[in-house]
2 protein chains.
Amino acid sequence: MCQLLGMNANKPASLHFSLAGFMCRGGRTGEHSDGWGAAYFEGHACHLLVESRPSANSPLARWLHEQPLRSRNIIAHVRKATRGAVALENCHPFVRELWGRQWAFAHNGHLKDFDLPLRGRFTPVGSTDSEHAFCYLLEALFRRFGHTPPPTPALFEALAGLACEISGFGSFNFLLSNGDGLFAHCSTQLHTLQRRYPFARARRIDDGVTIDLGRHNHLDDRMVLAATAPLTEDEDWTALRPGELKYFRGGQDLPDGVPVAAPLLLAV
Amino acid sequence: MCQLLGMNANKPASLHFSLAGFMCRGGRTGEHSDGWGAAYFEGHACHLLVESRPSANSPLARWLHEQPLRSRNIIAHVRKATRGAVALENCHPFVRELWGRQWAFAHNGHLKDFDLPLRGRFTPVGSTDSEHAFCYLLEALFRRFGHTPPPTPALFEALAGLACEISGFGSFNFLLSNGDGLFAHCSTQLHTLQRRYPFARARRIDDGVTIDLGRHNHLDDRMVLAATAPLTEDEDWTALRPGELKYFRGGQDLPDGVPVAAPLLLAV
C-alpha cells in the first residue's frame, strides 16, 4: 500500500512541517520505500518531483525541505509497490493535461483485476493499477464533457460517480487537483484536517517534533490537509466515510463542489 | 530567444560538464533568464525540473549539478521570453504522453502568427507558440498513425514533414525525445557534436573551465550533444543545415531514423 498527503490553502502556503513527518513514512517510520513524489501547483502548471527511491533518505526530498516552496495545492505520495515494478514511471503523482490544465493524481489502495478499457486518449506509461484508473477517469470525463471543461458542481458529480464505479474493483482512496482545488476521495481510509485561526500547537507523530502553528501562519491563513493517516497528535483529524468525495478550495470544504455563497449584505 | 541543449548516449551518462556551461547562459553569460528546464529520461518516464527563474542562480539547478544523475536522453532549455509571460507553464521542456510514452520537447525560435488549429487532443497549458507547436505536432502524429506507434523511419518521415510545415511560420529549432532517442531539428541554428574515444580535452566557452573528457568516460562511451551554440572551444561542433532533421540513438546519428545495420560477419 501507499500513503497520501494533500493540501489546499487559501493562499500559497508551505507544507514543510507536515510533509517532513510524511516523508519519514517512506522508509523510516513506514514501509513505503519504493518511491515518492510531490506535485506543487504554480499557476496552471505544477512542479513534479518523483523518485523511485525511499523519501526518508532522498537528497531531492531534503532539498525540497530546504526550499521556501509555497503552493495553494499540493499532492504528495510515498509508495509501497503492490503492482508495478519499482520504477520512475510507477511513482505517483501522475500528471496529465486535460482541457489545457495539468491534473495531478495520487492513489492509495489496490484495484483487483481492474480492466476497464481505455480508448487511447490517455495511456499508462507505467504498469500500476493507479495510473490505469487515472487514465480511465480522465477519459471518462472527456467523453462526458467533450472539449469544454464543466463547472465544478458537474465535475464533482461526475467524479463521484466514477470514484464509485472504480471502487467496485477494490480500494480507491485518491487525491486529484488541477491547481484550482483539491478533490479527495475516501474508499477505505482518508483523514482530513482544517488549520485556521486559532492555530494549535501540533506534535508530529512520526518524529515527535512540535511546532506552534500560530507562529508560522497569519490570522487569515486557512488550509485543509488530507492524509491516509493523521500526521499530528494534537489536532482534530476527521476520518472521511467510505464512499465520500470532498472538494476543497480556498482552504475549506465546498459541499458537492458548490462554492459557499458570500454572506448576504442586508440593506438597513 | 532561447537556447537548447540535448544529449543522447549509448549508456546512461552525465551531462554535468556541458550543462554547467549551458546554465550560465540563463542570466550570467546569456540573457536567457526567464526560466529554465531539464528533462532526464529514466526508463519510459522522465524527471522534469522546470523553474520560471534564471538558471544561473537557481538552487534547483545547483542541486541538480551536485547529483550523480545519468540518463541516455536529456533535453534542457534556458528561456528568454518572447511570447508568453514569465511563468512555470511557459517553461520548456514541455512533456505530454502519447502512445503510453512520455515525450519531452523544447523549442528555440519564434513562430509568427502561428495559428494551425488544434482539435483538443492536446491543448497548451501556457501561452507560448512553442507549446502550441508541440501540441500540433503530437496531434498530427496521432491523426496520422492512430493508436499504434509507428516504426522509427515512418515517425522520422512524418516529423520531417511537420517540422517543414511549422517552419513556414518562423524559426523552429527543436529537440524531441521519448526516451528511446533524440530528434533534433534545425530551422536556423543548431549544432551537434559526437563525443567518443579518443575523448578530447574540452574548454567551456562560458566560464573557461577545462576538462579531460577521457578521464570521465569509458572507452566504449559514446554520446551526441545538440546545442543552439557550441558549448566548448576545442571540439568539432557541426552546424546543422537549415531544414535538417536528425535522429540520434545509441550516441550516434541514425540517418533518416533507420538503425545502422550491424557489420556483417563474413564466414571464412
# chains A, B, ... in the order shown; residues from 1 in each chain; ligands from 1
$ interface_residues --of "chain A" --to "chain B" --cutoff "8 Å" --atoms "only C-alpha atoms" --output "VMD selection string"
chain A and resid 42 to 50 63 87 to 89 96 to 102 120 to 126 147
$ write_last_selection --atoms "N, CA and C atoms" --output "CSV table (one decimal), in the first residue's frame"
chain,number,residue,atom,x,y,z
A,42,GLU,N,1.8,25.7,-9.4
A,42,GLU,CA,2.2,27.2,-9.5
A,42,GLU,C,1.4,27.7,-10.7
A,43,GLY,N,0.4,28.4,-10.5
A,43,GLY,CA,-0.5,28.8,-11.7
A,43,GLY,C,-1.2,27.6,-12.2
A,44,HIS,N,-1.1,27.5,-13.5
A,44,HIS,CA,-1.8,26.4,-14.2
A,44,HIS,C,-0.9,25.1,-14.4
A,45,ALA,N,0.3,25.3,-14.0
A,45,ALA,CA,1.3,24.1,-14.1
A,45,ALA,C,1.7,23.7,-12.8
A,46,CYS,N,2.4,22.6,-12.7
A,46,CYS,CA,2.9,22.1,-11.4
A,46,CYS,C,4.3,21.6,-11.5
A,47,HIS,N,5.1,21.9,-10.4
A,47,HIS,CA,6.4,21.2,-10.3
A,47,HIS,C,6.1,19.8,-9.9
A,48,LEU,N,6.7,18.9,-10.5
A,48,LEU,CA,6.5,17.5,-10.2
A,48,LEU,C,7.9,16.9,-9.9
A,49,LEU,N,8.0,16.5,-8.6
A,49,LEU,CA,9.3,15.8,-8.2
A,49,LEU,C,8.9,14.3,-7.9
A,50,VAL,N,9.5,13.4,-8.6
A,50,VAL,CA,9.3,12.0,-8.3
A,50,VAL,C,10.6,11.2,-8.3
A,63,TRP,N,16.4,18.5,-0.3
A,63,TRP,CA,16.5,19.8,-1.0
A,63,TRP,C,15.1,20.5,-0.9
A,87,ALA,N,10.0,1.7,-10.2
A,87,ALA,CA,10.5,2.4,-11.4
A,87,ALA,C,9.8,3.8,-11.4
A,88,LEU,N,10.6,4.7,-12.0
A,88,LEU,CA,10.1,6.1,-12.1
A,88,LEU,C,8.7,6.2,-12.6
A,89,GLU,N,8.4,5.4,-13.7
A,89,GLU,CA,7.1,5.6,-14.3
A,89,GLU,C,5.9,5.1,-13.5
A,96,ARG,N,-1.3,14.5,-16.1
A,96,ARG,CA,-1.7,14.6,-17.5
A,96,ARG,C,-2.4,15.9,-17.7
A,97,GLU,N,-2.4,16.3,-19.0
A,97,GLU,CA,-3.1,17.5,-19.4
A,97,GLU,C,-4.5,17.2,-19.9
A,98,LEU,N,-5.5,17.9,-19.4
A,98,LEU,CA,-6.9,17.8,-20.0
A,98,LEU,C,-7.5,19.2,-19.9
A,99,TRP,N,-8.1,19.6,-21.0
A,99,TRP,CA,-8.7,21.0,-21.2
A,99,TRP,C,-7.7,22.1,-20.9
A,100,GLY,N,-6.5,21.8,-21.3
A,100,GLY,CA,-5.4,22.9,-21.2
A,100,GLY,C,-5.0,23.1,-19.8
A,101,ARG,N,-5.3,22.2,-18.9
A,101,ARG,CA,-4.8,22.3,-17.5
A,101,ARG,C,-4.1,21.0,-17.1
A,102,GLN,N,-3.1,21.1,-16.3
A,102,GLN,CA,-2.4,19.9,-15.7
A,102,GLN,C,-3.3,19.4,-14.6
A,120,GLY,N,-7.4,5.1,-25.7
A,120,GLY,CA,-6.2,5.7,-26.4
A,120,GLY,C,-6.0,7.1,-26.2
A,121,ARG,N,-7.0,7.8,-25.5
A,121,ARG,CA,-6.9,9.2,-25.3
A,121,ARG,C,-5.8,9.5,-24.2
A,122,PHE,N,-5.8,8.6,-23.2
A,122,PHE,CA,-4.8,8.6,-22.2
A,122,PHE,C,-4.3,7.2,-22.0
A,123,THR,N,-3.0,6.9,-22.0
A,123,THR,CA,-2.5,5.6,-21.9
A,123,THR,C,-1.5,5.6,-20.8
A,124,PRO,N,-1.5,4.5,-19.9
A,124,PRO,CA,-0.5,4.5,-18.9
A,124,PRO,C,0.9,4.4,-19.5
A,125,VAL,N,1.8,5.1,-18.8
A,125,VAL,CA,3.3,4.9,-19.2
A,125,VAL,C,3.9,3.8,-18.4
A,126,GLY,N,3.4,3.6,-17.1
A,126,GLY,CA,3.9,2.6,-16.3
A,126,GLY,C,2.9,1.4,-16.2
A,147,HIS,N,-15.0,18.9,-25.2
A,147,HIS,CA,-13.9,19.8,-25.2
A,147,HIS,C,-14.0,21.0,-24.2
$ calpha_fit_and_write --fixed "chain A" --moving "chain B" --output "mmCIF file with C-alpha atoms, in the first residue's frame"
data_model
loop_
_atom_site.group_PDB
_atom_site.id
_atom_site.type_symbol
_atom_site.label_atom_id
_atom_site.label_comp_id
_atom_site.auth_asym_id
_atom_site.auth_seq_id
_atom_site.Cartn_x
_atom_site.Cartn_y
_atom_site.Cartn_z
ATOM 1 C CA MET B 1 -0.013 0.001 0.013
ATOM 2 C CA CYS B 2 0.918 3.635 -0.198
ATOM 3 C CA GLN B 3 0.143 6.807 1.698
ATOM 4 C CA LEU B 4 -1.317 10.086 0.518
ATOM 5 C CA LEU B 5 -0.910 13.673 1.647
ATOM 6 C CA GLY B 6 -2.617 16.633 0.055
ATOM 7 C CA MET B 7 -3.117 20.291 0.890
ATOM 8 C CA ASN B 8 -5.426 23.022 -0.323
ATOM 9 C CA ALA B 9 -4.976 26.551 1.005
ATOM 10 C CA ASN B 10 -6.516 29.976 0.489
ATOM 11 C CA LYS B 11 -3.051 31.474 -0.118
ATOM 12 C CA PRO B 12 0.226 29.898 -1.280
ATOM 13 C CA ALA B 13 1.338 28.021 1.828
ATOM 14 C CA SER B 14 4.192 25.858 2.985
ATOM 15 C CA LEU B 15 3.563 22.182 3.659
ATOM 16 C CA HIS B 16 7.036 21.655 5.124
ATOM 17 C CA PHE B 17 6.038 20.776 8.696
ATOM 18 C CA SER B 18 3.515 18.124 7.692
ATOM 19 C CA LEU B 19 5.476 16.897 4.689
ATOM 20 C CA ALA B 20 8.562 16.244 6.826
ATOM 21 C CA GLY B 21 6.582 13.835 9.009
ATOM 22 C CA PHE B 22 4.971 12.262 5.964
ATOM 23 C CA MET B 23 8.333 11.691 4.268
ATOM 24 C CA CYS B 24 9.513 9.702 7.319
ATOM 25 C CA ARG B 25 6.962 7.078 6.286
ATOM 26 C CA GLY B 26 8.969 6.463 3.129
ATOM 27 C CA GLY B 27 11.438 4.050 4.687
ATOM 28 C CA ARG B 28 11.889 5.192 8.299
ATOM 29 C CA THR B 29 8.607 5.099 10.250
ATOM 30 C CA GLY B 30 6.741 3.360 7.436
ATOM 31 C CA GLU B 31 7.445 0.681 4.863
ATOM 32 C CA HIS B 32 6.561 2.876 1.868
ATOM 33 C CA SER B 33 10.087 2.911 0.480
ATOM 34 C CA ASP B 34 9.557 2.151 -3.215
ATOM 35 C CA GLY B 35 9.352 5.758 -4.359
ATOM 36 C CA TRP B 36 7.808 9.078 -3.561
ATOM 37 C CA GLY B 37 6.556 12.145 -5.332
ATOM 38 C CA ALA B 38 5.122 15.590 -4.825
ATOM 39 C CA ALA B 39 3.253 17.923 -7.179
ATOM 40 C CA TYR B 40 3.294 21.639 -6.287
ATOM 41 C CA PHE B 41 0.948 23.733 -8.397
ATOM 42 C CA GLU B 42 2.134 27.154 -9.505
ATOM 43 C CA GLY B 43 -0.480 28.825 -11.675
ATOM 44 C CA HIS B 44 -1.829 26.342 -14.194
ATOM 45 C CA ALA B 45 1.259 24.126 -14.147
ATOM 46 C CA CYS B 46 2.901 22.112 -11.416
ATOM 47 C CA HIS B 47 6.362 21.249 -10.257
ATOM 48 C CA LEU B 48 6.520 17.474 -10.198
ATOM 49 C CA LEU B 49 9.244 15.794 -8.175
ATOM 50 C CA VAL B 50 9.280 11.994 -8.306
ATOM 51 C CA GLU B 51 11.864 9.390 -7.439
ATOM 52 C CA SER B 52 11.880 5.599 -7.286
ATOM 53 C CA ARG B 53 13.792 5.583 -3.975
ATOM 54 C CA PRO B 54 12.791 6.013 -0.338
ATOM 55 C CA SER B 55 11.806 9.573 0.562
ATOM 56 C CA ALA B 56 13.310 9.193 4.039
ATOM 57 C CA ASN B 57 16.875 9.340 2.695
ATOM 58 C CA SER B 58 16.372 11.190 -0.591
ATOM 59 C CA PRO B 59 18.636 14.172 -1.387
ATOM 60 C CA LEU B 60 15.813 15.613 -3.507
ATOM 61 C CA ALA B 61 13.381 15.385 -0.607
ATOM 62 C CA ARG B 62 15.962 17.075 1.639
ATOM 63 C CA TRP B 63 16.444 19.803 -0.976
ATOM 64 C CA LEU B 64 12.678 20.261 -1.183
ATOM 65 C CA HIS B 65 12.504 20.690 2.577
ATOM 66 C CA GLU B 66 15.097 23.462 2.463
ATOM 67 C CA GLN B 67 13.292 25.536 -0.177
ATOM 68 C CA PRO B 68 10.723 28.240 0.556
ATOM 69 C CA LEU B 69 8.227 26.511 -1.738
ATOM 70 C CA ARG B 70 4.622 27.586 -1.295
ATOM 71 C CA SER B 71 1.544 26.503 -3.165
ATOM 72 C CA ARG B 72 -2.245 26.556 -2.936
ATOM 73 C CA ASN B 73 -2.482 22.916 -3.990
ATOM 74 C CA ILE B 74 -0.024 20.142 -3.227
ATOM 75 C CA ILE B 75 -0.295 16.370 -3.638
ATOM 76 C CA ALA B 76 2.348 14.043 -2.201
ATOM 77 C CA HIS B 77 2.691 10.262 -2.111
ATOM 78 C CA VAL B 78 4.985 7.607 -0.660
ATOM 79 C CA ARG B 79 4.882 4.258 -2.419
ATOM 80 C CA LYS B 80 4.884 0.656 -1.284
ATOM 81 C CA ALA B 81 4.804 -1.297 -4.528
ATOM 82 C CA THR B 82 1.964 -3.790 -4.795
ATOM 83 C CA ARG B 83 1.532 -3.814 -8.559
ATOM 84 C CA GLY B 84 4.151 -2.490 -10.973
ATOM 85 C CA ALA B 85 7.935 -2.564 -10.552
ATOM 86 C CA VAL B 86 9.945 -0.081 -8.521
ATOM 87 C CA ALA B 87 10.488 2.416 -11.348
ATOM 88 C CA LEU B 88 10.101 6.117 -12.031
ATOM 89 C CA GLU B 89 7.109 5.591 -14.322
ATOM 90 C CA ASN B 90 5.224 3.888 -11.479
ATOM 91 C CA CYS B 91 5.692 6.687 -8.949
ATOM 92 C CA HIS B 92 2.788 8.950 -8.027
ATOM 93 C CA PRO B 93 1.612 11.665 -8.513
ATOM 94 C CA PHE B 94 0.817 11.091 -12.166
ATOM 95 C CA VAL B 95 0.239 14.193 -14.263
ATOM 96 C CA ARG B 96 -1.746 14.553 -17.487
ATOM 97 C CA GLU B 97 -3.139 17.503 -19.403
ATOM 98 C CA LEU B 98 -6.890 17.805 -19.989
ATOM 99 C CA TRP B 99 -8.730 20.923 -21.168
ATOM 100 C CA GLY B 100 -5.458 22.847 -21.201
ATOM 101 C CA ARG B 101 -4.808 22.245 -17.505
ATOM 102 C CA GLN B 102 -2.425 19.927 -15.739
ATOM 103 C CA TRP B 103 -4.105 17.348 -13.497
ATOM 104 C CA ALA B 104 -2.150 15.627 -10.743
ATOM 105 C CA PHE B 105 -3.386 12.364 -9.221
ATOM 106 C CA ALA B 106 -2.207 10.037 -6.477
ATOM 107 C CA HIS B 107 -3.842 6.818 -5.269
ATOM 108 C CA ASN B 108 -3.785 4.716 -2.153
ATOM 109 C CA GLY B 109 -5.286 1.270 -2.327
ATOM 110 C CA HIS B 110 -5.376 -1.767 -4.551
ATOM 111 C CA LEU B 111 -7.653 -2.401 -7.517
ATOM 112 C CA LYS B 112 -8.072 -6.107 -8.194
ATOM 113 C CA ASP B 113 -8.404 -7.242 -11.800
ATOM 114 C CA PHE B 114 -9.001 -3.654 -12.871
ATOM 115 C CA ASP B 115 -9.649 -3.971 -16.567
ATOM 116 C CA LEU B 116 -11.959 -1.118 -17.539
ATOM 117 C CA PRO B 117 -10.974 -0.429 -21.147
ATOM 118 C CA LEU B 118 -9.041 2.621 -22.301
ATOM 119 C CA ARG B 119 -9.609 4.145 -25.731
ATOM 120 C CA GLY B 120 -6.177 5.635 -26.365
ATOM 121 C CA ARG B 121 -6.871 9.209 -25.275
ATOM 122 C CA PHE B 122 -4.769 8.588 -22.171
ATOM 123 C CA THR B 123 -2.480 5.563 -21.922
ATOM 124 C CA PRO B 124 -0.471 4.475 -18.890
ATOM 125 C CA VAL B 125 3.277 4.919 -19.181
ATOM 126 C CA GLY B 126 3.919 2.563 -16.271
ATOM 127 C CA SER B 127 2.239 -0.614 -15.089
ATOM 128 C CA THR B 128 0.269 0.357 -11.981
ATOM 129 C CA ASP B 129 -3.454 -0.077 -11.458
ATOM 130 C CA SER B 130 -3.338 3.520 -10.172
ATOM 131 C CA GLU B 131 -2.216 5.120 -13.434
ATOM 132 C CA HIS B 132 -4.664 2.933 -15.361
ATOM 133 C CA ALA B 133 -7.488 4.194 -13.118
ATOM 134 C CA PHE B 134 -6.327 7.810 -13.572
ATOM 135 C CA CYS B 135 -6.321 7.402 -17.364
ATOM 136 C CA TYR B 136 -9.777 5.804 -17.233
ATOM 137 C CA LEU B 137 -11.071 8.626 -15.085
ATOM 138 C CA LEU B 138 -9.780 11.370 -17.404
ATOM 139 C CA GLU B 139 -11.021 9.562 -20.510
ATOM 140 C CA ALA B 140 -14.458 9.238 -18.940
ATOM 141 C CA LEU B 141 -14.504 12.948 -18.090
ATOM 142 C CA PHE B 142 -13.511 13.797 -21.658
ATOM 143 C CA ARG B 143 -16.185 11.479 -23.083
ATOM 144 C CA ARG B 144 -18.818 13.047 -20.884
ATOM 145 C CA PHE B 145 -17.931 16.725 -21.237
ATOM 146 C CA GLY B 146 -16.124 16.838 -24.582
ATOM 147 C CA HIS B 147 -13.860 19.770 -25.247
ATOM 148 C CA THR B 148 -15.431 22.132 -22.716
ATOM 149 C CA PRO B 149 -14.484 21.854 -19.054
ATOM 150 C CA PRO B 150 -17.623 21.634 -16.936
ATOM 151 C CA PRO B 151 -18.494 23.847 -13.960
ATOM 152 C CA THR B 152 -17.259 22.432 -10.676
ATOM 153 C CA PRO B 153 -20.580 20.970 -9.454
ATOM 154 C CA ALA B 154 -20.962 18.925 -12.665
ATOM 155 C CA LEU B 155 -17.335 17.819 -12.434
ATOM 156 C CA PHE B 156 -17.856 16.854 -8.792
ATOM 157 C CA GLU B 157 -20.903 14.769 -9.670
ATOM 158 C CA ALA B 158 -19.111 13.005 -12.509
ATOM 159 C CA LEU B 159 -16.082 12.275 -10.324
ATOM 160 C CA ALA B 160 -18.292 10.900 -7.568
ATOM 161 C CA GLY B 161 -19.872 8.471 -10.033
ATOM 162 C CA LEU B 162 -16.522 7.413 -11.476
ATOM 163 C CA ALA B 163 -14.988 7.002 -8.013
ATOM 164 C CA CYS B 164 -17.886 4.746 -7.066
ATOM 165 C CA GLU B 165 -17.529 2.710 -10.279
ATOM 166 C CA ILE B 166 -13.762 2.220 -9.880
ATOM 167 C CA SER B 167 -14.147 1.441 -6.155
ATOM 168 C CA GLY B 168 -16.023 -1.660 -7.254
ATOM 169 C CA PHE B 169 -12.615 -3.151 -8.085
ATOM 170 C CA GLY B 170 -11.059 -2.531 -4.676
ATOM 171 C CA SER B 171 -9.861 0.336 -2.510
ATOM 172 C CA PHE B 172 -9.656 3.648 -4.315
ATOM 173 C CA ASN B 173 -8.593 6.457 -2.005
ATOM 174 C CA PHE B 174 -7.280 9.263 -4.170
ATOM 175 C CA LEU B 175 -6.292 12.923 -4.359
ATOM 176 C CA LEU B 176 -6.782 14.910 -7.568
ATOM 177 C CA SER B 177 -6.091 18.543 -8.393
ATOM 178 C CA ASN B 178 -5.847 20.836 -11.404
ATOM 179 C CA GLY B 179 -4.432 23.693 -9.363
ATOM 180 C CA ASP B 180 -7.819 25.265 -8.580
ATOM 181 C CA GLY B 181 -8.859 22.974 -5.771
ATOM 182 C CA LEU B 182 -8.329 19.515 -4.316
ATOM 183 C CA PHE B 183 -10.613 16.513 -4.756
ATOM 184 C CA ALA B 184 -10.224 13.864 -2.055
ATOM 185 C CA HIS B 185 -11.992 10.517 -2.272
ATOM 186 C CA CYS B 186 -12.205 8.052 0.591
ATOM 187 C CA SER B 187 -12.813 4.460 -0.278
ATOM 188 C CA THR B 188 -11.387 2.826 2.840
ATOM 189 C CA GLN B 189 -9.073 5.290 4.613
ATOM 190 C CA LEU B 190 -8.573 9.050 4.343
ATOM 191 C CA HIS B 191 -8.449 11.742 7.008
ATOM 192 C CA THR B 192 -8.833 15.492 6.710
ATOM 193 C CA LEU B 193 -7.992 18.432 8.921
ATOM 194 C CA GLN B 194 -8.618 22.138 8.611
ATOM 195 C CA ARG B 195 -6.032 24.537 10.003
ATOM 196 C CA ARG B 196 -7.209 28.089 10.622
ATOM 197 C CA TYR B 197 -7.153 30.707 13.349
ATOM 198 C CA PRO B 198 -6.760 30.022 16.236
ATOM 199 C CA PHE B 199 -3.900 27.733 15.190
ATOM 200 C CA ALA B 200 -2.894 24.887 17.475
ATOM 201 C CA ARG B 201 0.405 23.583 18.699
ATOM 202 C CA ALA B 202 0.904 20.339 16.824
ATOM 203 C CA ARG B 203 3.186 17.372 17.488
ATOM 204 C CA ARG B 204 4.285 15.225 14.580
ATOM 205 C CA ILE B 205 3.469 11.555 15.172
ATOM 206 C CA ASP B 206 6.429 10.310 13.139
ATOM 207 C CA ASP B 207 9.286 12.075 14.909
ATOM 208 C CA GLY B 208 7.817 13.933 17.873
ATOM 209 C CA VAL B 209 8.691 17.414 16.591
ATOM 210 C CA THR B 210 6.332 20.057 17.961
ATOM 211 C CA ILE B 211 5.474 23.374 16.366
ATOM 212 C CA ASP B 212 3.296 26.347 17.278
ATOM 213 C CA LEU B 213 1.365 26.771 14.040
ATOM 214 C CA GLY B 214 0.210 30.218 15.167
ATOM 215 C CA ARG B 215 3.777 31.467 14.838
ATOM 216 C CA HIS B 216 3.997 30.307 11.224
ATOM 217 C CA ASN B 217 0.636 31.487 9.912
ATOM 218 C CA HIS B 218 -1.208 34.750 9.506
ATOM 219 C CA LEU B 219 -4.615 35.258 11.077
ATOM 220 C CA ASP B 220 -6.376 34.832 7.745
ATOM 221 C CA ASP B 221 -4.447 31.749 6.581
ATOM 222 C CA ARG B 222 -6.651 28.740 6.069
ATOM 223 C CA MET B 223 -5.832 25.304 4.744
ATOM 224 C CA VAL B 224 -7.175 21.783 4.544
ATOM 225 C CA LEU B 225 -4.950 18.728 4.746
ATOM 226 C CA ALA B 226 -5.931 15.259 3.562
ATOM 227 C CA ALA B 227 -3.822 12.285 4.608
ATOM 228 C CA THR B 228 -4.125 8.520 4.699
ATOM 229 C CA ALA B 229 -3.343 8.525 8.415
ATOM 230 C CA PRO B 230 -3.182 11.534 10.773
ATOM 231 C CA LEU B 231 0.226 13.219 10.862
ATOM 232 C CA THR B 232 -0.117 15.042 14.188
ATOM 233 C CA GLU B 233 -1.308 14.148 17.660
ATOM 234 C CA ASP B 234 -2.891 17.352 18.865
ATOM 235 C CA GLU B 235 -5.217 18.243 16.031
ATOM 236 C CA ASP B 236 -8.725 17.144 15.119
ATOM 237 C CA TRP B 237 -8.261 14.868 12.158
ATOM 238 C CA THR B 238 -11.571 13.631 10.780
ATOM 239 C CA ALA B 239 -11.927 10.224 9.150
ATOM 240 C CA LEU B 240 -13.890 10.523 5.917
ATOM 241 C CA ARG B 241 -16.655 7.990 5.390
ATOM 242 C CA PRO B 242 -16.160 5.200 2.832
ATOM 243 C CA GLY B 243 -17.541 6.443 -0.473
ATOM 244 C CA GLU B 244 -17.177 10.114 0.472
ATOM 245 C CA LEU B 245 -15.811 12.606 -2.074
ATOM 246 C CA LYS B 246 -14.705 16.060 -0.909
ATOM 247 C CA TYR B 247 -13.766 19.169 -2.844
ATOM 248 C CA PHE B 248 -11.588 21.712 -1.077
ATOM 249 C CA ARG B 249 -11.001 25.187 -2.411
ATOM 250 C CA GLY B 250 -9.774 28.288 -0.654
ATOM 251 C CA GLY B 251 -8.744 26.119 2.283
ATOM 252 C CA GLN B 252 -12.244 24.935 3.036
ATOM 253 C CA ASP B 253 -14.725 22.215 2.213
ATOM 254 C CA LEU B 254 -17.114 23.026 -0.639
ATOM 255 C CA PRO B 255 -20.012 20.586 -0.231
ATOM 256 C CA ASP B 256 -20.824 18.901 -3.551
ATOM 257 C CA GLY B 257 -18.279 21.148 -5.234
ATOM 258 C CA VAL B 258 -20.581 24.165 -4.889
ATOM 259 C CA PRO B 259 -18.875 27.387 -3.826
ATOM 260 C CA VAL B 260 -20.162 28.610 -0.488
ATOM 261 C CA ALA B 261 -22.061 31.834 -1.094
ATOM 262 C CA ALA B 262 -20.618 34.964 0.462
ATOM 263 C CA PRO B 263 -22.624 36.149 3.495
ATOM 264 C CA LEU B 264 -25.448 38.419 2.416
ATOM 265 C CA LEU B 265 -24.951 42.030 3.288
ATOM 266 C CA LEU B 266 -28.314 43.190 4.489
ATOM 267 C CA ALA B 267 -29.199 46.785 3.886
ATOM 268 C CA VAL B 268 -30.207 48.393 7.161
#
$ select_by_dssp --residues "range 65-212 of chain B" --states "strand (DSSP E or B)" --output "number ranges by chain"
B: 71-78, 94-98, 101-108, 111, 170, 173-177, 182-185, 191-196, 201-204, 210-212
$ write_last_selection --atoms "C-alpha atoms" --output "compact mmCIF listing (two decimals), in the first residue's frame"
# COMPACT_ATOMS: atom_id res chain seq x y z
CA SER B 71 20.50 9.38 -18.46
CA ARG B 72 20.54 8.20 -22.07
CA ASN B 73 18.37 11.11 -23.18
CA ILE B 74 18.34 14.62 -21.76
CA ILE B 75 16.74 17.82 -23.03
CA ALA B 76 17.50 21.18 -21.41
CA HIS B 77 16.40 24.73 -22.18
CA VAL B 78 17.05 28.27 -20.98
CA PHE B 94 7.04 20.51 -22.23
CA VAL B 95 6.01 16.92 -21.59
CA ARG B 96 2.97 15.04 -22.89
CA GLU B 97 2.02 11.39 -23.08
CA LEU B 98 1.37 9.75 -26.46
CA ARG B 101 5.24 7.11 -23.58
CA GLN B 102 6.30 10.47 -22.25
CA TRP B 103 7.52 12.91 -24.91
CA ALA B 104 9.68 15.87 -23.96
CA PHE B 105 10.02 18.87 -26.28
CA ALA B 106 11.94 22.13 -26.24
CA HIS B 107 11.98 24.87 -28.88
CA ASN B 108 14.27 27.67 -29.89
CA LEU B 111 6.73 31.35 -34.80
CA GLY B 170 9.20 31.20 -38.48
CA ASN B 173 14.71 24.62 -33.96
CA PHE B 174 13.62 21.88 -31.60
CA LEU B 175 14.65 18.83 -29.59
CA LEU B 176 12.22 15.96 -29.01
CA SER B 177 12.63 12.66 -27.20
CA LEU B 182 16.68 12.23 -29.64
CA PHE B 183 15.20 14.10 -32.59
CA ALA B 184 16.93 17.39 -33.38
CA HIS B 185 15.58 19.79 -35.98
CA HIS B 191 24.93 22.46 -33.64
CA THR B 192 25.82 18.86 -32.89
CA LEU B 193 28.89 17.11 -31.57
CA GLN B 194 29.74 13.47 -31.06
CA ARG B 195 31.95 12.52 -28.13
CA ARG B 196 33.61 9.11 -28.32
CA ARG B 201 40.21 17.91 -23.59
CA ALA B 202 37.43 20.47 -23.77
CA ARG B 203 37.24 24.06 -22.55
CA ARG B 204 33.86 25.52 -21.70
CA THR B 210 38.70 22.77 -18.88
CA ILE B 211 38.20 19.04 -18.51
CA ASP B 212 39.89 15.92 -19.85
$ select_by_dssp --residues "range 78-237 of chain A" --states "alpha helix (DSSP H)" --output "ChimeraX atom specification"
/A:129-145,152-167
